[in-house]
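Asker: This is run_11.csv, which holds CSV, C-alpha atoms:
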chain,number,residue,atom,x,y,z
A,1,MET,CA,26.0,82.4,-73.0
A,2,GLN,CA,29.3,80.6,-73.4
A,3,TYR,CA,32.0,80.3,-70.7
A,4,ARG,CA,35.8,79.9,-70.8
A,5,ALA,CA,38.5,79.4,-68.2
A,6,LEU,CA,40.1,82.6,-67.0
A,7,GLY,CA,43.7,81.3,-67.0
A,8,ARG,CA,44.6,79.4,-63.9
A,9,THR,CA,42.2,81.2,-61.6
A,10,GLY,CA,39.6,78.5,-61.6
A,11,PHE,CA,37.0,81.1,-62.7
A,12,GLU,CA,34.8,80.1,-65.7
A,13,VAL,CA,33.8,83.5,-67.1
A,14,SER,CA,31.2,84.5,-69.7
A,15,THR,CA,32.8,85.0,-73.1
A,16,VAL,CA,31.0,88.3,-73.3
A,17,SER,CA,31.4,90.1,-70.0
A,18,PHE,CA,30.9,93.7,-68.7
A,19,GLY,CA,33.4,96.5,-69.0
A,20,ALA,CA,32.4,99.1,-66.3
A,21,TRP,CA,34.4,102.1,-67.5
A,22,ALA,CA,31.4,103.9,-69.0
A,23,ILE,CA,29.2,103.7,-66.0
A,24,GLY,CA,31.9,105.5,-64.0
A,25,GLY,CA,32.3,108.4,-66.4
A,26,THR,CA,34.3,110.0,-69.2
A,27,TRP,CA,31.8,108.6,-71.8
A,28,GLY,CA,29.3,111.4,-71.6
A,29,ALA,CA,26.3,111.6,-69.3
A,30,VAL,CA,25.6,108.6,-67.1
A,31,ASP,CA,22.7,107.8,-64.7
A,32,ASP,CA,23.3,105.4,-61.8
A,33,SER,CA,19.8,103.9,-61.9
A,34,GLU,CA,20.1,103.1,-65.6
A,35,SER,CA,23.6,101.7,-65.1
A,36,LEU,CA,22.2,99.4,-62.4
A,37,ARG,CA,19.5,98.3,-64.8
A,38,ALA,CA,22.2,97.5,-67.4
A,39,LEU,CA,24.3,95.6,-64.8
A,40,HIS,CA,21.2,93.5,-63.7
A,41,ARG,CA,20.3,92.8,-67.4
A,42,ALA,CA,23.8,91.5,-68.0
A,43,VAL,CA,23.5,89.1,-65.1
A,44,ASP,CA,20.1,88.1,-66.3
A,45,LEU,CA,21.7,87.1,-69.6
A,46,GLY,CA,24.4,85.0,-68.1
A,47,VAL,CA,27.3,87.6,-67.6
A,48,ASN,CA,29.3,86.6,-64.5
A,49,PHE,CA,32.4,88.7,-64.9
A,50,ILE,CA,32.7,92.5,-64.5
A,51,ASP,CA,35.8,94.6,-65.1
A,52,THR,CA,36.1,98.0,-63.3
A,53,ALA,CA,38.8,100.2,-61.8
A,54,ASP,CA,39.2,102.5,-58.9
A,55,VAL,CA,39.5,105.6,-61.1
A,56,TYR,CA,36.3,105.0,-63.1
A,57,GLY,CA,34.3,107.9,-61.7
A,58,ASP,CA,36.6,108.1,-58.7
A,59,GLY,CA,35.1,104.9,-57.3
A,60,ARG,CA,31.6,105.4,-58.7
A,61,SER,CA,31.9,102.3,-60.9
A,62,GLU,CA,33.2,100.1,-58.2
A,63,ARG,CA,30.4,101.2,-55.8
A,64,LEU,CA,27.8,100.4,-58.4
A,65,VAL,CA,29.3,96.9,-59.0
A,66,GLY,CA,29.4,96.4,-55.2
A,67,GLN,CA,25.7,97.3,-55.0
A,68,LEU,CA,24.9,94.8,-57.8
A,69,ARG,CA,26.6,92.0,-55.9
A,70,ARG,CA,24.5,92.8,-52.8
A,71,GLU,CA,21.3,92.6,-54.9
A,72,ARG,CA,22.1,89.4,-56.7
A,73,SER,CA,22.5,85.8,-55.5
A,74,GLU,CA,24.6,84.6,-58.4
A,75,VAL,CA,28.3,84.3,-58.3
A,76,ILE,CA,29.7,87.4,-60.0
A,77,HIS,CA,33.5,87.6,-60.4
A,78,VAL,CA,34.9,91.2,-60.3
A,79,ALA,CA,38.2,92.5,-61.5
A,80,THR,CA,39.4,95.9,-60.6
A,81,LYS,CA,42.5,97.9,-61.3
A,82,ALA,CA,44.9,100.1,-59.4
A,83,GLY,CA,47.6,102.6,-60.2
A,84,ARG,CA,46.0,105.4,-62.2
A,85,ARG,CA,45.2,107.4,-59.1
A,86,LEU,CA,48.8,108.4,-59.0
A,87,ASP,CA,49.3,112.1,-59.8
A,88,THR,CA,52.4,111.2,-61.9
A,89,GLN,CA,53.0,107.8,-63.4
A,90,THR,CA,56.4,106.6,-62.2
A,91,ARG,CA,57.9,103.2,-61.2
A,92,GLU,CA,58.3,104.6,-57.7
A,93,GLY,CA,54.6,105.2,-57.4
A,94,TYR,CA,54.0,101.4,-57.5
A,95,GLY,CA,55.4,100.9,-54.0
A,96,ARG,CA,53.9,99.0,-51.1
A,97,GLU,CA,52.3,101.9,-49.4
A,98,ASN,CA,50.4,103.1,-52.4
A,99,LEU,CA,49.4,99.7,-53.7
A,100,THR,CA,48.1,98.7,-50.3
A,101,ALA,CA,46.1,101.9,-50.0
A,102,PHE,CA,44.6,101.4,-53.4
A,103,VAL,CA,43.6,97.9,-52.5
A,104,GLU,CA,42.0,99.0,-49.3
A,105,ARG,CA,40.0,101.7,-51.0
A,106,SER,CA,38.7,99.2,-53.6
A,107,LEU,CA,37.8,96.7,-50.9
A,108,GLU,CA,35.7,99.4,-49.3
A,109,ASN,CA,34.1,100.5,-52.6
A,110,LEU,CA,33.2,96.9,-53.5
A,111,ALA,CA,32.2,96.1,-50.0
A,112,THR,CA,34.2,92.9,-49.9
A,113,ASP,CA,36.9,91.3,-47.9
A,114,ALA,CA,39.1,90.2,-50.8
A,115,LEU,CA,39.4,91.3,-54.4
A,116,ASP,CA,38.8,88.5,-56.9
A,117,LEU,CA,41.3,90.0,-59.4
A,118,LEU,CA,43.5,93.1,-59.1
A,119,GLN,CA,45.2,94.4,-62.2
A,120,LEU,CA,47.9,97.0,-62.4
A,121,HIS,CA,46.3,99.7,-64.5
A,122,CYS,CA,48.5,100.4,-67.5
A,123,PRO,CA,51.6,101.3,-65.5
A,124,PRO,CA,54.8,102.7,-67.0
A,125,THR,CA,56.8,100.2,-69.0
A,126,ASP,CA,59.6,100.1,-66.4
A,127,VAL,CA,57.2,98.7,-63.8
A,128,TYR,CA,57.2,95.4,-65.8
A,129,TYR,CA,61.0,95.3,-65.2
A,130,ALA,CA,60.6,95.7,-61.4
A,131,PRO,CA,60.1,92.3,-59.8
A,132,GLU,CA,59.7,93.9,-56.4
A,133,VAL,CA,56.4,95.3,-57.6
A,134,PHE,CA,55.1,91.8,-58.3
A,135,GLY,CA,56.5,90.7,-55.0
A,136,ILE,CA,54.2,93.2,-53.3
A,137,LEU,CA,51.3,91.8,-55.1
A,138,ASP,CA,52.3,88.3,-54.0
A,139,ASP,CA,52.3,89.6,-50.4
A,140,LEU,CA,48.8,91.0,-50.8
A,141,VAL,CA,47.7,87.5,-52.0
A,142,VAL,CA,49.2,85.9,-48.9
A,143,ALA,CA,47.6,88.6,-46.7
A,144,GLY,CA,44.2,87.6,-48.2
A,145,LYS,CA,43.5,91.1,-49.6
A,146,ILE,CA,43.5,89.8,-53.2
A,147,ARG,CA,42.9,86.4,-54.6
A,148,TYR,CA,44.7,86.8,-57.9
A,149,TYR,CA,46.4,89.5,-59.9
A,150,GLY,CA,47.2,90.5,-63.4
A,151,VAL,CA,47.9,93.5,-65.6
A,152,SER,CA,46.2,95.8,-68.0
A,153,VAL,CA,48.7,96.9,-70.7
A,154,GLU,CA,49.0,99.3,-73.6
A,155,ARG,CA,51.5,97.4,-75.6
A,156,VAL,CA,52.1,93.8,-76.7
A,157,GLU,CA,55.7,94.0,-75.5
A,158,GLU,CA,54.5,94.9,-72.0
A,159,ALA,CA,52.1,91.9,-72.1
A,160,LEU,CA,54.9,89.5,-73.1
A,161,LYS,CA,57.1,90.8,-70.3
A,162,ALA,CA,54.4,90.6,-67.7
A,163,ILE,CA,53.6,87.0,-68.2
A,164,GLU,CA,57.2,86.1,-67.4
A,165,TYR,CA,56.2,86.6,-63.8
A,166,PRO,CA,54.7,83.2,-62.7
A,167,ASN,CA,51.8,84.6,-60.7
A,168,VAL,CA,50.5,87.0,-63.3
A,169,GLN,CA,47.2,85.3,-64.0
A,170,THR,CA,45.6,87.6,-66.5
A,171,VAL,CA,46.4,90.3,-69.1
A,172,GLN,CA,43.9,92.9,-70.3
A,173,ILE,CA,44.8,94.2,-73.7
A,174,ILE,CA,43.1,96.1,-76.5
A,175,TYR,CA,42.1,93.6,-79.1
A,176,ASN,CA,39.5,94.2,-81.8
A,177,LEU,CA,39.1,94.5,-85.6
A,178,PHE,CA,41.1,97.7,-85.5
A,179,ARG,CA,43.9,96.4,-83.2
A,180,GLN,CA,45.0,93.0,-84.4
A,181,ARG,CA,48.6,92.9,-83.4
A,182,PRO,CA,48.0,90.9,-80.2
A,183,ALA,CA,47.1,87.9,-82.4
A,184,ASP,CA,50.5,88.1,-84.1
A,185,ARG,CA,52.7,88.0,-81.0
A,186,PHE,CA,50.9,87.5,-77.8
A,187,LEU,CA,47.6,85.5,-77.7
A,188,ASP,CA,49.2,82.2,-78.5
A,189,GLU,CA,51.9,82.6,-75.9
A,190,ALA,CA,49.3,83.6,-73.3
A,191,ARG,CA,47.4,80.5,-74.1
A,192,ARG,CA,50.5,78.3,-73.9
A,193,ARG,CA,51.2,79.7,-70.4
A,194,GLU,CA,47.6,79.4,-69.4
A,195,VAL,CA,47.2,83.1,-68.8
A,196,GLY,CA,43.7,84.6,-69.0
A,197,VAL,CA,43.1,87.3,-71.6
A,198,LEU,CA,40.6,90.1,-71.3
A,199,ALA,CA,39.9,91.8,-74.6
A,200,ARG,CA,39.1,95.4,-73.8
A,201,LEU,CA,37.7,98.1,-76.1
A,202,PRO,CA,36.2,95.4,-78.3
A,203,LEU,CA,34.1,97.9,-80.2
A,204,SER,CA,36.9,100.5,-80.5
A,205,SER,CA,35.2,103.1,-78.3
A,206,GLY,CA,31.9,102.4,-80.0
A,207,MET,CA,33.1,102.8,-83.5
A,208,LEU,CA,32.6,99.2,-84.4
A,209,ALA,CA,29.0,99.3,-83.4
A,210,GLY,CA,28.5,100.8,-86.8
A,211,LYS,CA,26.2,103.6,-85.7
A,212,MET,CA,28.5,106.6,-85.7
A,213,THR,CA,28.6,109.3,-88.4
A,214,ARG,CA,30.8,112.2,-89.2
A,215,GLU,CA,28.2,114.5,-87.6
A,216,ARG,CA,28.4,112.7,-84.3
A,217,SER,CA,29.2,115.0,-81.4
A,218,PHE,CA,30.6,114.0,-78.1
A,219,ALA,CA,30.1,115.7,-74.7
A,220,GLU,CA,32.9,117.8,-73.1
A,221,ASP,CA,33.6,115.0,-70.5
A,222,ASP,CA,33.7,112.2,-73.1
A,223,HIS,CA,37.2,110.9,-73.8
A,224,ARG,CA,36.2,110.4,-77.5
A,225,ARG,CA,36.3,114.2,-77.7
A,226,PHE,CA,39.1,115.2,-75.5
A,227,ASN,CA,41.6,112.3,-75.8
A,228,ARG,CA,41.9,111.7,-79.6
A,229,SER,CA,45.4,112.9,-79.6
A,230,GLY,CA,46.3,111.5,-76.2
A,231,ALA,CA,45.8,114.7,-74.2
A,232,ALA,CA,44.6,112.8,-71.0
A,233,PHE,CA,46.0,109.3,-71.4
A,234,ASP,CA,47.3,107.0,-74.1
A,235,ARG,CA,45.7,107.9,-77.4
A,236,GLY,CA,45.4,104.2,-78.2
A,237,GLU,CA,42.5,104.0,-75.6
A,238,THR,CA,40.3,106.2,-77.9
A,239,PHE,CA,39.1,104.6,-81.1
A,240,SER,CA,42.1,102.2,-80.8
A,241,GLY,CA,44.4,105.1,-81.9
A,242,VAL,CA,42.7,105.2,-85.3
A,243,ASP,CA,41.8,108.6,-86.8
A,244,PHE,CA,38.1,109.2,-86.5
A,245,GLU,CA,37.5,109.7,-90.3
A,246,ALA,CA,39.7,106.7,-91.2
A,247,GLY,CA,37.8,104.6,-88.7
A,248,LEU,CA,34.4,105.6,-90.2
A,249,ALA,CA,35.7,104.7,-93.6
A,250,ALA,CA,36.9,101.3,-92.5
A,251,VAL,CA,33.6,100.6,-90.8
A,252,GLU,CA,31.9,101.1,-94.2
A,253,ALA,CA,34.3,98.7,-95.8
A,254,LEU,CA,33.4,96.1,-93.1
A,255,ARG,CA,29.7,96.6,-93.2
A,256,PRO,CA,29.0,94.3,-96.3
A,257,LEU,CA,30.6,91.4,-94.4
A,258,VAL,CA,28.3,91.6,-91.4
A,259,LEU,CA,25.9,88.7,-91.2
A,260,PRO,CA,22.4,89.7,-92.3
A,261,GLY,CA,20.2,90.7,-89.4
A,262,VAL,CA,23.1,90.7,-86.9
A,263,PRO,CA,24.1,93.9,-85.0
A,264,MET,CA,27.5,95.0,-86.1
A,265,ALA,CA,28.6,95.3,-82.5
A,266,ALA,CA,27.7,91.6,-81.8
A,267,TRP,CA,29.5,90.5,-85.1
A,268,ALA,CA,32.6,92.5,-84.2
A,269,ILE,CA,32.7,90.9,-80.7
A,270,ARG,CA,32.2,87.4,-82.3
A,271,TRP,CA,35.4,88.0,-84.4
A,272,ILE,CA,37.3,88.5,-81.1
A,273,LEU,CA,36.0,85.3,-79.7
A,274,MET,CA,37.2,83.4,-82.8
A,275,HIS,CA,40.7,83.3,-81.1
A,276,PRO,CA,40.9,80.6,-78.5
A,277,GLY,CA,43.5,82.6,-76.6
A,278,VAL,CA,40.8,85.1,-75.6
A,279,SER,CA,39.0,84.4,-72.3
A,280,CYS,CA,36.4,87.1,-72.7
A,281,ALA,CA,35.6,90.4,-74.3
A,282,ILE,CA,34.6,93.2,-72.0
A,283,PRO,CA,32.4,95.7,-73.9
A,284,GLY,CA,31.1,98.6,-72.0
A,285,ALA,CA,27.4,99.5,-71.8
A,286,LYS,CA,25.3,102.1,-70.0
A,287,ARG,CA,21.9,100.8,-71.0
A,288,PRO,CA,20.1,97.4,-71.0
A,289,ASP,CA,19.6,97.5,-74.8
A,290,GLN,CA,23.4,97.8,-75.3
A,291,ILE,CA,23.9,94.8,-73.1
A,292,GLU,CA,21.4,92.7,-75.1
A,293,GLU,CA,23.2,93.6,-78.3
A,294,ASN,CA,26.6,92.8,-77.0
A,295,VAL,CA,25.7,89.6,-75.3
A,296,SER,CA,24.0,88.3,-78.5
A,297,ALA,CA,27.6,87.8,-79.8
A,298,ALA,CA,28.0,84.7,-77.6
A,299,ASP,CA,25.3,82.8,-79.6
A,300,LEU,CA,26.5,83.7,-83.1
A,301,PRO,CA,28.0,81.0,-85.3
A,302,PRO,CA,31.7,81.1,-86.0
A,303,LEU,CA,32.8,83.4,-88.9
A,304,ASP,CA,33.8,81.5,-92.0
A,305,ASP,CA,37.2,81.4,-93.5
A,306,THR,CA,36.3,83.7,-96.4
A,307,THR,CA,35.0,86.3,-94.0
A,308,MET,CA,38.0,86.1,-91.7
A,309,ALA,CA,40.3,86.5,-94.7
A,310,ALA,CA,38.4,89.5,-96.0
A,311,LEU,CA,38.6,91.1,-92.5
A,312,SER,CA,42.3,90.6,-92.4
A,313,ALA,CA,42.6,92.3,-95.9
A,314,ILE,CA,40.6,95.3,-94.8
A,315,TYR,CA,42.8,95.7,-91.7
A,316,ASP,CA,46.0,95.3,-93.7
A,317,GLU,CA,44.9,98.0,-96.2
A,318,ARG,CA,43.2,100.5,-94.0
A,319,ILE,CA,44.2,100.1,-90.4
A,320,ARG,CA,47.6,98.4,-90.1
A,321,PRO,CA,49.6,101.4,-91.2
A,322,LEU,CA,47.9,103.6,-88.6
A,323,VAL,CA,48.3,101.4,-85.5
A,324,HIS,CA,50.1,98.1,-85.9
A,325,GLN,CA,53.6,99.1,-84.9
A,326,PHE,CA,52.6,101.6,-82.1
A,327,TRP,CA,51.0,99.1,-79.7
Would you give me this structure, written as structure tokens?
Answerer:
Amino acid sequence: MQYRALGRTGFEVSTVSFGAWAIGGTWGAVDDSESLRALHRAVDLGVNFIDTADVYGDGRSERLVGQLRRERSEVIHVATKAGRRLDTQTREGYGRENLTAFVERSLENLATDALDLLQLHCPPTDVYYAPEVFGILDDLVVAGKIRYYGVSVERVEEALKAIEYPNVQTVQIIYNLFRQRPADRFLDEARRREVGVLARLPLSSGMLAGKMTRERSFAEDDHRRFNRSGAAFDRGETFSGVDFEAGLAAVEALRPLVLPGVPMAAWAIRWILMHPGVSCAIPGAKRPDQIEENVSAADLPPLDDTTMAALSAIYDERIRPLVHQFW
């Protein structure tokens, strides 16, 4: 495992960390005992950073992460998120009373006295233009409820606006082979400002693991079935906003470039880690074998210039027209 600084927090985090959305729900069937085995396997392999949220399984994910912490002696940094519990997403919903209540609930779920990192969970764009919201987060730091705070965003422009606030320590953003715009406009600026970057959906909802086929079916409660058009939340969260058939075709174009004997998932994550502005990738997993495949990315050699150029060309031809200017 390799480690990188998470902005100015002082945390050195595993370059391949753990995204805990799937163990909470909306990714099909999940079993808590198997989820715990996956979490333990991640720590065994050097993972020391976990990203969760209060809405993942209505606290289920946070409680599992809290249990893991109680069962391990290693230092495990945990980031959670707040804001999506609101019935309606409005700027007014991100007031002191709501944010304080969300934090208190996460503290209870994680069984801790202070949150390592709290992230606003893809709030409406106008929240980024409300300095009073970030003032509330500053107050929660002073009160000892949270150590650091950041944001999880949908769009590059939101990320750029967020890091104008001096105490925003991290930005979580979709960045993968199917979502390359952050490298155009954001990652270098985040690095210049020493802001940590969490690359979420590194496998584009599993598409970039290279194992899906046109015949693949998804459970009723799996967002890869019910959110392809954005029925439940931003459609960019599902397959990076790429049409399912187009994504499968692009995967086949990518496949010949994968290093021999290397899982496509690990190779796709290694591409993300080629950018020095990325602190860590946070792939999700529900089973230990998925963890092992993901974590192996940390030990892969850098991709060569020829491969990087070929990957850019495939993106430009097949994916850029579908997503680049939307997010």
Asker: With all atoms listed in the file counted, which protein, DNA or RNA residues have an atom no more than 8 Å from (35.2, 79.2, -69.2) in the file frame? Please answer as an MDAnalysis selection string.
Answerer: chainID A and resid 2:6 11:15 279
Asker: Write out as a list in words the residues lying within 9 Å of Thr80 in chain A, counting only C-alpha atoms and excluding same-chain residues fewer than 5 positions away.
Answerer: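 So the residues in contact are Ile50, Asp51, Thr52, Ala53, Asp54, Glu62, Ser106, Leu115, Asp116, Leu117, Leu118, Gln119, Leu120 and His121 of chain A.
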Asker: For the atom pair CA of Ile272 in chain A and CA of Gly83 in chain A, what is the interatomic distance in Å to one decimal place?
Answerer: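 Separation between CA of Ile272 in chain A and CA of Gly83 in chain A: 27.2 Å.
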Asker: Which neighbours of Asn109 in chain A fall inside 10 Å, counting all atoms listed in the file, when residues of the same chain fewer than 4 positions from it are skipped, and could you give them as an MDAnalysis selection string?
Answerer: chainID A and resid 54 59:67 103:105
Asker: Keeping C-alpha atoms, export the residues of the selection given above as an mmCIF file, in the coordinates of the input.
Answerer:
data_model
loop_
_atom_site.group_PDB
_atom_site.id
_atom_site.type_symbol
_atom_site.label_atom_id
_atom_site.label_comp_id
_atom_site.auth_asym_id
_atom_site.auth_seq_id
_atom_site.Cartn_x
_atom_site.Cartn_y
_atom_site.Cartn_z
ATOM 1 C CA ASP A 54 39.200 102.500 -58.900
ATOM 2 C CA GLY A 59 35.100 104.900 -57.300
ATOM 3 C CA ARG A 60 31.600 105.400 -58.700
ATOM 4 C CA SER A 61 31.900 102.300 -60.900
ATOM 5 C CA GLU A 62 33.200 100.100 -58.200
ATOM 6 C CA ARG A 63 30.400 101.200 -55.800
ATOM 7 C CA LEU A 64 27.800 100.400 -58.400
ATOM 8 C CA VAL A 65 29.300 96.900 -59.000
ATOM 9 C CA GLY A 66 29.400 96.400 -55.200
ATOM 10 C CA GLN A 67 25.700 97.300 -55.000
ATOM 11 C CA VAL A 103 43.600 97.900 -52.500
ATOM 12 C CA GLU A 104 42.000 99.000 -49.300
ATOM 13 C CA ARG A 105 40.000 101.700 -51.000
#
Asker: Could you list, as a PyMOL selection string, every residue within 9 Å of Ile282 in chain A, counting only C-alpha atoms and ignoring same-chain residues fewer than 6 positions away?
Answerer: chain A and resi 15-20+49-51+198-202
Asker: Find the residues around Pro321 in chain A up to 12 Å (all atoms listed in the file counted), leave out those fewer than 2 positions away in its own chain, and share them as a short mmCIF file (atom, residue, chain, number, x, y, z; two decimals) with C-alpha atoms, in the coordinates of the input.
Answerer:
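Here's the written file selection22.cif:
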data_model
loop_
_atom_site.label_atom_id
_atom_site.label_comp_id
_atom_site.auth_asym_id
_atom_site.auth_seq_id
_atom_site.Cartn_x
_atom_site.Cartn_y
_atom_site.Cartn_z
CA PHE A 178 41.10 97.70 -85.50
CA ARG A 179 43.90 96.40 -83.20
CA GLN A 180 45.00 93.00 -84.40
CA ARG A 181 48.60 92.90 -83.40
CA GLY A 241 44.40 105.10 -81.90
CA VAL A 242 42.70 105.20 -85.30
CA ASP A 243 41.80 108.60 -86.80
CA ALA A 246 39.70 106.70 -91.20
CA ILE A 314 40.60 95.30 -94.80
CA TYR A 315 42.80 95.70 -91.70
CA ASP A 316 46.00 95.30 -93.70
CA GLU A 317 44.90 98.00 -96.20
CA ARG A 318 43.20 100.50 -94.00
CA ILE A 319 44.20 100.10 -90.40
CA VAL A 323 48.30 101.40 -85.50
CA HIS A 324 50.10 98.10 -85.90
CA GLN A 325 53.60 99.10 -84.90
CA PHE A 326 52.60 101.60 -82.10
CA TRP A 327 51.00 99.10 -79.70
#
Asker: Kindly indicate which residue among A:Met308, A:Asp188, A:Ala297, A:Val262 lies nearest to Met1 in chain A, using all atoms listed in the file for the distances.
Answerer: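 Checking each of A:Met308, A:Asp188, A:Ala297, A:Val262 against Met1 in chain A, counting all atoms listed in the file, the winner is A:Ala297.
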Asker: So which residues touch range 134-141 of chain A within 9 Å, counting all atoms listed in the file, skipping near sequence neighbours fewer than 2 positions away, as a PyMOL selection string?
Answerer: chain A and resi 95-96+99-100+103+118+128+130-132+143-149+165+167-168
Asker: Restrict the selected residues to C-alpha atoms and save them as a short mmCIF file (atom, residue, chain, number, x, y, z; two decimals), in the coordinates of the input.
Answerer:
data_model
loop_
_atom_site.label_atom_id
_atom_site.label_comp_id
_atom_site.auth_asym_id
_atom_site.auth_seq_id
_atom_site.Cartn_x
_atom_site.Cartn_y
_atom_site.Cartn_z
CA GLY A 95 55.40 100.90 -54.00
CA ARG A 96 53.90 99.00 -51.10
CA LEU A 99 49.40 99.70 -53.70
CA THR A 100 48.10 98.70 -50.30
CA VAL A 103 43.60 97.90 -52.50
CA LEU A 118 43.50 93.10 -59.10
CA TYR A 128 57.20 95.40 -65.80
CA ALA A 130 60.60 95.70 -61.40
CA PRO A 131 60.10 92.30 -59.80
CA GLU A 132 59.70 93.90 -56.40
CA ALA A 143 47.60 88.60 -46.70
CA GLY A 144 44.20 87.60 -48.20
CA LYS A 145 43.50 91.10 -49.60
CA ILE A 146 43.50 89.80 -53.20
CA ARG A 147 42.90 86.40 -54.60
CA TYR A 148 44.70 86.80 -57.90
CA TYR A 149 46.40 89.50 -59.90
CA TYR A 165 56.20 86.60 -63.80
CA ASN A 167 51.80 84.60 -60.70
CA VAL A 168 50.50 87.00 -63.30
#
Asker: Provide the CA of Cys122 in chain A to CA of Glu108 in chain A distance in Å, to one decimal place.
Answerer: 22.3 Å
Asker: Counting all atoms listed in the file, which residue out of A:Ala298, A:Ala162, A:Leu259, A:Ala265 sits closest to Lys211 in chain A?
Answerer: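 Smallest distance to Lys211 in chain A is found for A:Ala265.
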Asker: So the first atom is CA of Arg214 in chain A and the second is CA of Glu245 in chain A; what is the distance between them in Å, to one decimal place?
Answerer: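 Calculated distance between CA of Arg214 in chain A and CA of Glu245 in chain A is 7.2 Å.
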